[in-house]
$ cat final.tsv   # TSV, N, CA and C atoms
chain	number	residue	atom	x	y	z
C	1	MET	N	83.39	129.65	110.83
C	1	MET	CA	83.83	130.61	109.85
C	1	MET	C	83.45	130.09	108.45
C	2	LEU	N	82.89	130.92	107.66
C	2	LEU	CA	82.49	130.57	106.30
C	2	LEU	C	83.65	130.75	105.33
C	3	ILE	N	83.72	129.88	104.35
C	3	ILE	CA	84.75	129.99	103.31
C	3	ILE	C	84.13	130.75	102.15
C	4	SER	N	84.86	131.75	101.66
C	4	SER	CA	84.33	132.53	100.55
C	4	SER	C	84.27	131.68	99.28
C	5	MET	N	83.42	132.08	98.32
C	5	MET	CA	83.23	131.32	97.08
C	5	MET	C	84.52	131.09	96.31
C	6	PRO	N	85.36	132.11	96.09
C	6	PRO	CA	86.61	131.85	95.35
C	6	PRO	C	87.50	130.83	96.05
C	7	ARG	N	87.58	130.88	97.35
C	7	ARG	CA	88.40	129.91	98.08
C	7	ARG	C	87.80	128.51	97.99
C	8	ARG	N	86.48	128.42	98.04
C	8	ARG	CA	85.83	127.13	97.93
C	8	ARG	C	86.10	126.52	96.56
C	9	ARG	N	86.05	127.35	95.52
C	9	ARG	CA	86.33	126.85	94.16
C	9	ARG	C	87.77	126.38	94.04
C	10	ILE	N	88.68	127.12	94.63
C	10	ILE	CA	90.10	126.73	94.59
C	10	ILE	C	90.28	125.41	95.34
C	11	ALA	N	89.66	125.29	96.51
C	11	ALA	CA	89.77	124.06	97.28
C	11	ALA	C	89.20	122.88	96.51
C	12	THR	N	88.09	123.08	95.83
C	12	THR	CA	87.47	122.03	95.03
C	12	THR	C	88.38	121.64	93.88
C	13	ALA	N	88.98	122.62	93.22
C	13	ALA	CA	89.89	122.34	92.10
C	13	ALA	C	91.11	121.57	92.57
C	14	VAL	N	91.67	121.94	93.71
C	14	VAL	CA	92.85	121.25	94.25
C	14	VAL	C	92.48	119.81	94.62
C	15	ALA	N	91.34	119.63	95.26
C	15	ALA	CA	90.90	118.28	95.63
C	15	ALA	C	90.71	117.41	94.39
C	16	SER	N	90.12	117.97	93.33
C	16	SER	CA	89.92	117.23	92.09
C	16	SER	C	91.25	116.84	91.46
C	17	ALA	N	92.20	117.76	91.47
C	17	ALA	CA	93.52	117.48	90.90
C	17	ALA	C	94.23	116.37	91.67
C	18	VAL	N	94.15	116.40	92.99
C	18	VAL	CA	94.78	115.37	93.81
C	18	VAL	C	94.14	114.01	93.54
C	19	LEU	N	92.81	113.97	93.44
C	19	LEU	CA	92.11	112.72	93.14
C	19	LEU	C	92.54	112.20	91.77
C	20	GLY	N	92.60	113.07	90.78
C	20	GLY	CA	93.02	112.67	89.44
C	20	GLY	C	94.42	112.10	89.42
C	21	LEU	N	95.34	112.73	90.15
C	21	LEU	CA	96.71	112.23	90.22
C	21	LEU	C	96.77	110.89	90.92
C	22	GLY	N	95.93	110.70	91.92
C	22	GLY	CA	95.87	109.41	92.61
C	22	GLY	C	95.44	108.30	91.67
C	23	LEU	N	94.50	108.56	90.80
C	23	LEU	CA	94.05	107.55	89.85
C	23	LEU	C	95.10	107.24	88.80
C	24	LEU	N	95.97	108.18	88.50
C	24	LEU	CA	96.99	107.98	87.47
C	24	LEU	C	98.22	107.27	88.00
C	25	THR	N	98.33	107.08	89.31
C	25	THR	CA	99.49	106.43	89.88
C	25	THR	C	99.69	105.07	89.23
C	26	GLY	N	100.89	104.80	88.81
C	26	GLY	CA	101.20	103.53	88.20
C	26	GLY	C	101.12	103.57	86.68
C	27	CYS	N	100.66	104.66	86.11
C	27	CYS	CA	100.57	104.74	84.66
C	27	CYS	C	101.94	105.05	84.09
C	28	GLY	N	102.35	104.32	83.08
C	28	GLY	CA	103.66	104.51	82.49
C	28	GLY	C	103.58	104.53	80.99
C	29	ASP	N	104.67	104.11	80.33
C	29	ASP	CA	104.75	104.16	78.87
C	29	ASP	C	103.70	103.30	78.17
C	30	ASP	N	103.36	102.15	78.74
C	30	ASP	CA	102.41	101.24	78.12
C	30	ASP	C	100.99	101.47	78.61
C	31	VAL	N	100.78	102.53	79.37
C	31	VAL	CA	99.50	102.82	79.98
C	31	VAL	C	99.11	104.25	79.70
C	32	SER	N	97.90	104.45	79.21
C	32	SER	CA	97.37	105.79	78.96
C	32	SER	C	96.11	105.95	79.81
C	33	CYS	N	96.13	106.90	80.74
C	33	CYS	CA	95.03	107.02	81.69
C	33	CYS	C	94.23	108.30	81.52
C	34	GLY	N	92.94	108.18	81.76
C	34	GLY	CA	92.04	109.32	81.90
C	34	GLY	C	91.67	109.40	83.37
C	35	LEU	N	90.60	110.10	83.67
C	35	LEU	CA	90.21	110.24	85.07
C	35	LEU	C	89.67	108.95	85.68
C	36	ASP	N	88.98	108.14	84.90
C	36	ASP	CA	88.35	106.97	85.49
C	36	ASP	C	88.73	105.64	84.85
C	37	GLN	N	89.61	105.65	83.86
C	37	GLN	CA	90.02	104.39	83.25
C	37	GLN	C	91.36	104.54	82.55
C	38	CYS	N	92.02	103.39	82.36
C	38	CYS	CA	93.30	103.36	81.67
C	38	CYS	C	93.23	102.37	80.51
C	39	THR	N	93.92	102.70	79.44
C	39	THR	CA	94.10	101.79	78.32
C	39	THR	C	95.51	101.24	78.45
C	40	VAL	N	95.63	99.92	78.48
C	40	VAL	CA	96.91	99.26	78.74
C	40	VAL	C	97.29	98.40	77.54
C	41	THR	N	98.52	98.55	77.07
C	41	THR	CA	99.05	97.73	75.98
C	41	THR	C	100.13	96.83	76.56
C	42	ILE	N	99.97	95.52	76.33
C	42	ILE	CA	100.93	94.53	76.84
C	42	ILE	C	101.43	93.72	75.65
C	43	ALA	N	102.76	93.56	75.56
C	43	ALA	CA	103.35	92.76	74.49
C	43	ALA	C	102.94	91.30	74.62
C	44	ARG	N	102.72	90.65	73.48
C	44	ARG	CA	102.38	89.22	73.47
C	44	ARG	C	103.66	88.41	73.52
C	45	GLU	N	104.28	88.41	74.67
C	45	GLU	CA	105.50	87.63	74.87
C	45	GLU	C	105.51	87.11	76.30
C	46	THR	N	106.22	86.03	76.51
C	46	THR	CA	106.29	85.42	77.83
C	46	THR	C	106.79	86.41	78.86
C	47	ASN	N	106.12	86.47	80.00
C	47	ASN	CA	106.47	87.31	81.14
C	47	ASN	C	106.31	88.81	80.90
C	48	ALA	N	105.66	89.24	79.82
C	48	ALA	CA	105.40	90.66	79.63
C	48	ALA	C	104.39	91.11	80.68
C	49	SER	N	104.64	92.26	81.29
C	49	SER	CA	103.72	92.75	82.31
C	49	SER	C	103.75	94.26	82.38
C	50	VAL	N	102.74	94.81	83.04
C	50	VAL	CA	102.65	96.24	83.24
C	50	VAL	C	101.91	96.48	84.55
C	51	GLU	N	102.23	97.56	85.24
C	51	GLU	CA	101.52	97.90	86.46
C	51	GLU	C	100.57	99.05	86.16
C	52	VAL	N	99.32	98.90	86.58
C	52	VAL	CA	98.31	99.93	86.35
C	52	VAL	C	97.45	100.07	87.60
C	53	LEU	N	97.27	101.30	88.03
C	53	LEU	CA	96.46	101.61	89.21
C	53	LEU	C	96.86	100.75	90.41
C	54	GLY	N	98.18	100.51	90.53
C	54	GLY	CA	98.71	99.77	91.67
C	54	GLY	C	98.59	98.26	91.57
C	55	VAL	N	98.15	97.74	90.42
C	55	VAL	CA	97.98	96.30	90.24
C	55	VAL	C	98.80	95.85	89.04
C	56	GLU	N	99.49	94.71	89.16
C	56	GLU	CA	100.28	94.19	88.05
C	56	GLU	C	99.44	93.27	87.18
C	57	ALA	N	99.55	93.45	85.87
C	57	ALA	CA	98.89	92.59	84.88
C	57	ALA	C	99.98	91.93	84.05
C	58	LYS	N	99.97	90.58	83.99
C	58	LYS	CA	100.96	89.83	83.23
C	58	LYS	C	100.28	89.06	82.10
C	59	PHE	N	100.91	89.08	80.93
C	59	PHE	CA	100.43	88.30	79.80
C	59	PHE	C	100.74	86.83	80.04
C	60	VAL	N	99.75	85.95	79.80
C	60	VAL	CA	99.95	84.51	79.92
C	60	VAL	C	99.86	83.87	78.54
C	61	SER	N	98.72	84.08	77.83
C	61	SER	CA	98.57	83.51	76.50
C	61	SER	C	97.44	84.23	75.76
C	62	ALA	N	97.35	83.97	74.43
C	62	ALA	CA	96.29	84.59	73.64
C	62	ALA	C	96.07	83.81	72.36
C	63	ASP	N	94.82	83.89	71.85
C	63	ASP	CA	94.52	83.45	70.49
C	63	ASP	C	93.86	84.64	69.80
C	64	ASP	N	93.12	84.42	68.74
C	64	ASP	CA	92.55	85.54	67.98
C	64	ASP	C	91.56	86.40	68.75
C	65	ASN	N	90.79	85.81	69.68
C	65	ASN	CA	89.75	86.56	70.38
C	65	ASN	C	89.79	86.48	71.89
C	66	THR	N	90.65	85.62	72.45
C	66	THR	CA	90.69	85.40	73.89
C	66	THR	C	92.11	85.59	74.42
C	67	VAL	N	92.20	86.23	75.58
C	67	VAL	CA	93.49	86.48	76.22
C	67	VAL	C	93.42	85.97	77.65
C	68	THR	N	94.49	85.33	78.09
C	68	THR	CA	94.61	84.93	79.49
C	68	THR	C	95.66	85.82	80.13
C	69	LEU	N	95.28	86.44	81.24
C	69	LEU	CA	96.16	87.33	81.99
C	69	LEU	C	96.23	86.89	83.44
C	70	ASP	N	97.31	87.26	84.10
C	70	ASP	CA	97.41	87.14	85.54
C	70	ASP	C	97.31	88.57	86.06
C	71	VAL	N	96.22	88.87	86.75
C	71	VAL	CA	95.99	90.22	87.28
C	71	VAL	C	95.84	90.12	88.78
C	72	ALA	N	96.70	90.83	89.50
C	72	ALA	CA	96.66	90.84	90.97
C	72	ALA	C	96.72	89.42	91.53
C	73	GLY	N	97.50	88.55	90.87
C	73	GLY	CA	97.67	87.19	91.34
C	73	GLY	C	96.56	86.23	90.94
C	74	GLU	N	95.56	86.69	90.19
C	74	GLU	CA	94.47	85.84	89.73
C	74	GLU	C	94.55	85.68	88.22
C	75	GLN	N	94.38	84.46	87.74
C	75	GLN	CA	94.39	84.24	86.30
C	75	GLN	C	92.97	84.43	85.76
C	76	ILE	N	92.83	85.29	84.75
C	76	ILE	CA	91.52	85.56	84.15
C	76	ILE	C	91.60	85.39	82.64
C	77	GLN	N	90.45	85.08	82.03
C	77	GLN	CA	90.34	85.02	80.57
C	77	GLN	C	89.42	86.14	80.12
C	78	LEU	N	89.87	86.87	79.11
C	78	LEU	CA	89.07	87.95	78.54
C	78	LEU	C	88.80	87.64	77.08
C	79	THR	N	87.58	87.92	76.64
C	79	THR	CA	87.20	87.72	75.25
C	79	THR	C	86.76	89.05	74.67
C	80	LYS	N	87.16	89.32	73.42
C	80	LYS	CA	86.73	90.57	72.77
C	80	LYS	C	85.22	90.66	72.79
C	81	GLY	N	84.71	91.82	73.17
C	81	GLY	CA	83.27	92.05	73.21
C	81	GLY	C	82.60	91.64	74.51
C	82	GLN	N	83.32	90.94	75.37
C	82	GLN	CA	82.79	90.49	76.65
C	82	GLN	C	82.74	91.66	77.63
C	83	GLN	N	81.81	91.61	78.59
C	83	GLN	CA	81.75	92.62	79.63
C	83	GLN	C	83.01	92.54	80.48
C	84	ALA	N	83.32	93.63	81.18
C	84	ALA	CA	84.50	93.68	82.03
C	84	ALA	C	84.43	92.64	83.15
C	85	VAL	N	85.60	92.15	83.54
C	85	VAL	CA	85.73	91.17	84.61
C	85	VAL	C	86.25	91.90	85.85
C	86	ASP	N	85.67	91.60	87.01
C	86	ASP	CA	86.12	92.14	88.30
C	86	ASP	C	87.33	91.36	88.79
C	87	VAL	N	88.45	92.05	89.03
C	87	VAL	CA	89.63	91.37	89.57
C	87	VAL	C	90.50	92.40	90.28
C	88	GLY	N	90.95	92.08	91.47
C	88	GLY	CA	91.84	92.96	92.23
C	88	GLY	C	91.26	94.35	92.47
C	89	GLY	N	89.94	94.46	92.59
C	89	GLY	CA	89.30	95.75	92.79
C	89	GLY	C	89.17	96.59	91.53
C	90	LEU	N	89.46	95.98	90.38
C	90	LEU	CA	89.40	96.70	89.11
C	90	LEU	C	88.44	95.99	88.15
C	91	GLN	N	87.98	96.73	87.15
C	91	GLN	CA	87.19	96.19	86.05
C	91	GLN	C	88.13	96.10	84.85
C	92	VAL	N	88.27	94.91	84.25
C	92	VAL	CA	89.21	94.69	83.15
C	92	VAL	C	88.46	94.11	81.96
C	93	SER	N	88.67	94.72	80.78
C	93	SER	CA	88.06	94.19	79.55
C	93	SER	C	89.08	94.23	78.42
C	94	LEU	N	88.87	93.37	77.42
C	94	LEU	CA	89.78	93.26	76.28
C	94	LEU	C	89.32	94.16	75.15
C	95	SER	N	90.21	95.05	74.70
C	95	SER	CA	89.90	95.94	73.57
C	95	SER	C	90.32	95.35	72.25
C	96	SER	N	91.57	94.84	72.19
C	96	SER	CA	92.06	94.29	70.92
C	96	SER	C	93.18	93.29	71.14
C	97	VAL	N	93.34	92.43	70.13
C	97	VAL	CA	94.42	91.45	70.12
C	97	VAL	C	95.07	91.55	68.75
C	98	THR	N	96.38	91.80	68.72
C	98	THR	CA	97.13	91.78	67.47
C	98	THR	C	98.22	90.72	67.58
C	99	GLN	N	98.97	90.55	66.52
C	99	GLN	CA	100.06	89.57	66.53
C	99	GLN	C	101.15	89.96	67.53
C	100	ASP	N	101.32	91.28	67.77
C	100	ASP	CA	102.40	91.76	68.63
C	100	ASP	C	101.99	92.09	70.05
C	101	ASN	N	100.74	92.55	70.26
C	101	ASN	CA	100.34	92.95	71.61
C	101	ASN	C	98.84	92.82	71.82
C	102	ILE	N	98.45	93.02	73.06
C	102	ILE	CA	97.03	93.06	73.41
C	102	ILE	C	96.76	94.42	74.04
C	103	GLN	N	95.51	94.85	73.98
C	103	GLN	CA	95.13	96.12	74.60
C	103	GLN	C	93.90	95.87	75.46
C	104	ILE	N	94.00	96.29	76.73
C	104	ILE	CA	92.91	96.12	77.66
C	104	ILE	C	92.50	97.47	78.24
C	105	GLU	N	91.27	97.53	78.72
C	105	GLU	CA	90.76	98.70	79.43
C	105	GLU	C	90.64	98.33	80.89
C	106	VAL	N	91.14	99.21	81.76
C	106	VAL	CA	91.11	98.96	83.20
C	106	VAL	C	90.50	100.17	83.89
C	107	SER	N	89.54	99.92	84.78
C	107	SER	CA	88.94	101.02	85.54
C	107	SER	C	88.68	100.57	86.97
C	108	ARG	N	88.48	101.55	87.83
C	108	ARG	CA	88.18	101.25	89.25
C	108	ARG	C	86.70	101.13	89.43
$ encode --input "final.tsv" --output "structure tokens"
Amino acid sequence: MLISMPRRRIATAVASAVLGLGLLTGCGDDVSCGLDQCTVTIARETNASVEVLGVEAKFVSADDNTVTLDVAGEQIQLTKGQQAVDVGGLQVSLSSVTQDNIQIEVSR
């Protein structure tokens, strides 16, 4: 049996919406997500953490250009301007470092 064009478009739209919601799972107040990536803000304080795309990211330490995080149980160092690092099935890069927080980009 053939599916008519309007039904096919509706099915495609529903499938796209479900996929989009799946990618947003885990996004909260400190996380702003689009369809394929999230911007994550983490406070520069001991034990600060956030969950994004099902993976926890914890702040460890930072200086002016480098941040150390624990992501999915692995400790990584990110430097401003550096290419994204593969960890826990995600791509993670450092966007900014301020006196109060850090901002990272996370994508699948």
$ residues_near_point --input "final.tsv" --point "(101.9, 94.4, 69.6)" --cutoff "10 Å" --atoms "only C-alpha atoms" --output "VMD selection string"
chain C and resid 41 to 45 96 to 103
$ closest_residue --input "final.tsv" --among "C:Asp64, C:Glu56, C:Glu105, C:Asp70" --to "Ala84 (chain C)" --atoms "all atoms listed in the file"
C:Glu105
$ atom_distance --input "final.tsv" --atom1 "CA of Ala62 (chain C)" --atom2 "atom N of Thr46 (chain C)"
10.4 Å
$ closest_residue --input "final.tsv" --among "C:Val60, C:Val85, C:Val31, C:Leu90" --to "Ala72 (chain C)" --atoms "only C-alpha atoms"
C:Leu90
$ atom_distance --input "final.tsv" --atom1 "CA of Cys33 (chain C)" --atom2 "CA of Asp63 (chain C)"
26.1 Å
$ atom_distance --input "final.tsv" --atom1 "atom C of Val67 (chain C)" --atom2 "atom C of Val55 (chain C)"
16.0 Å
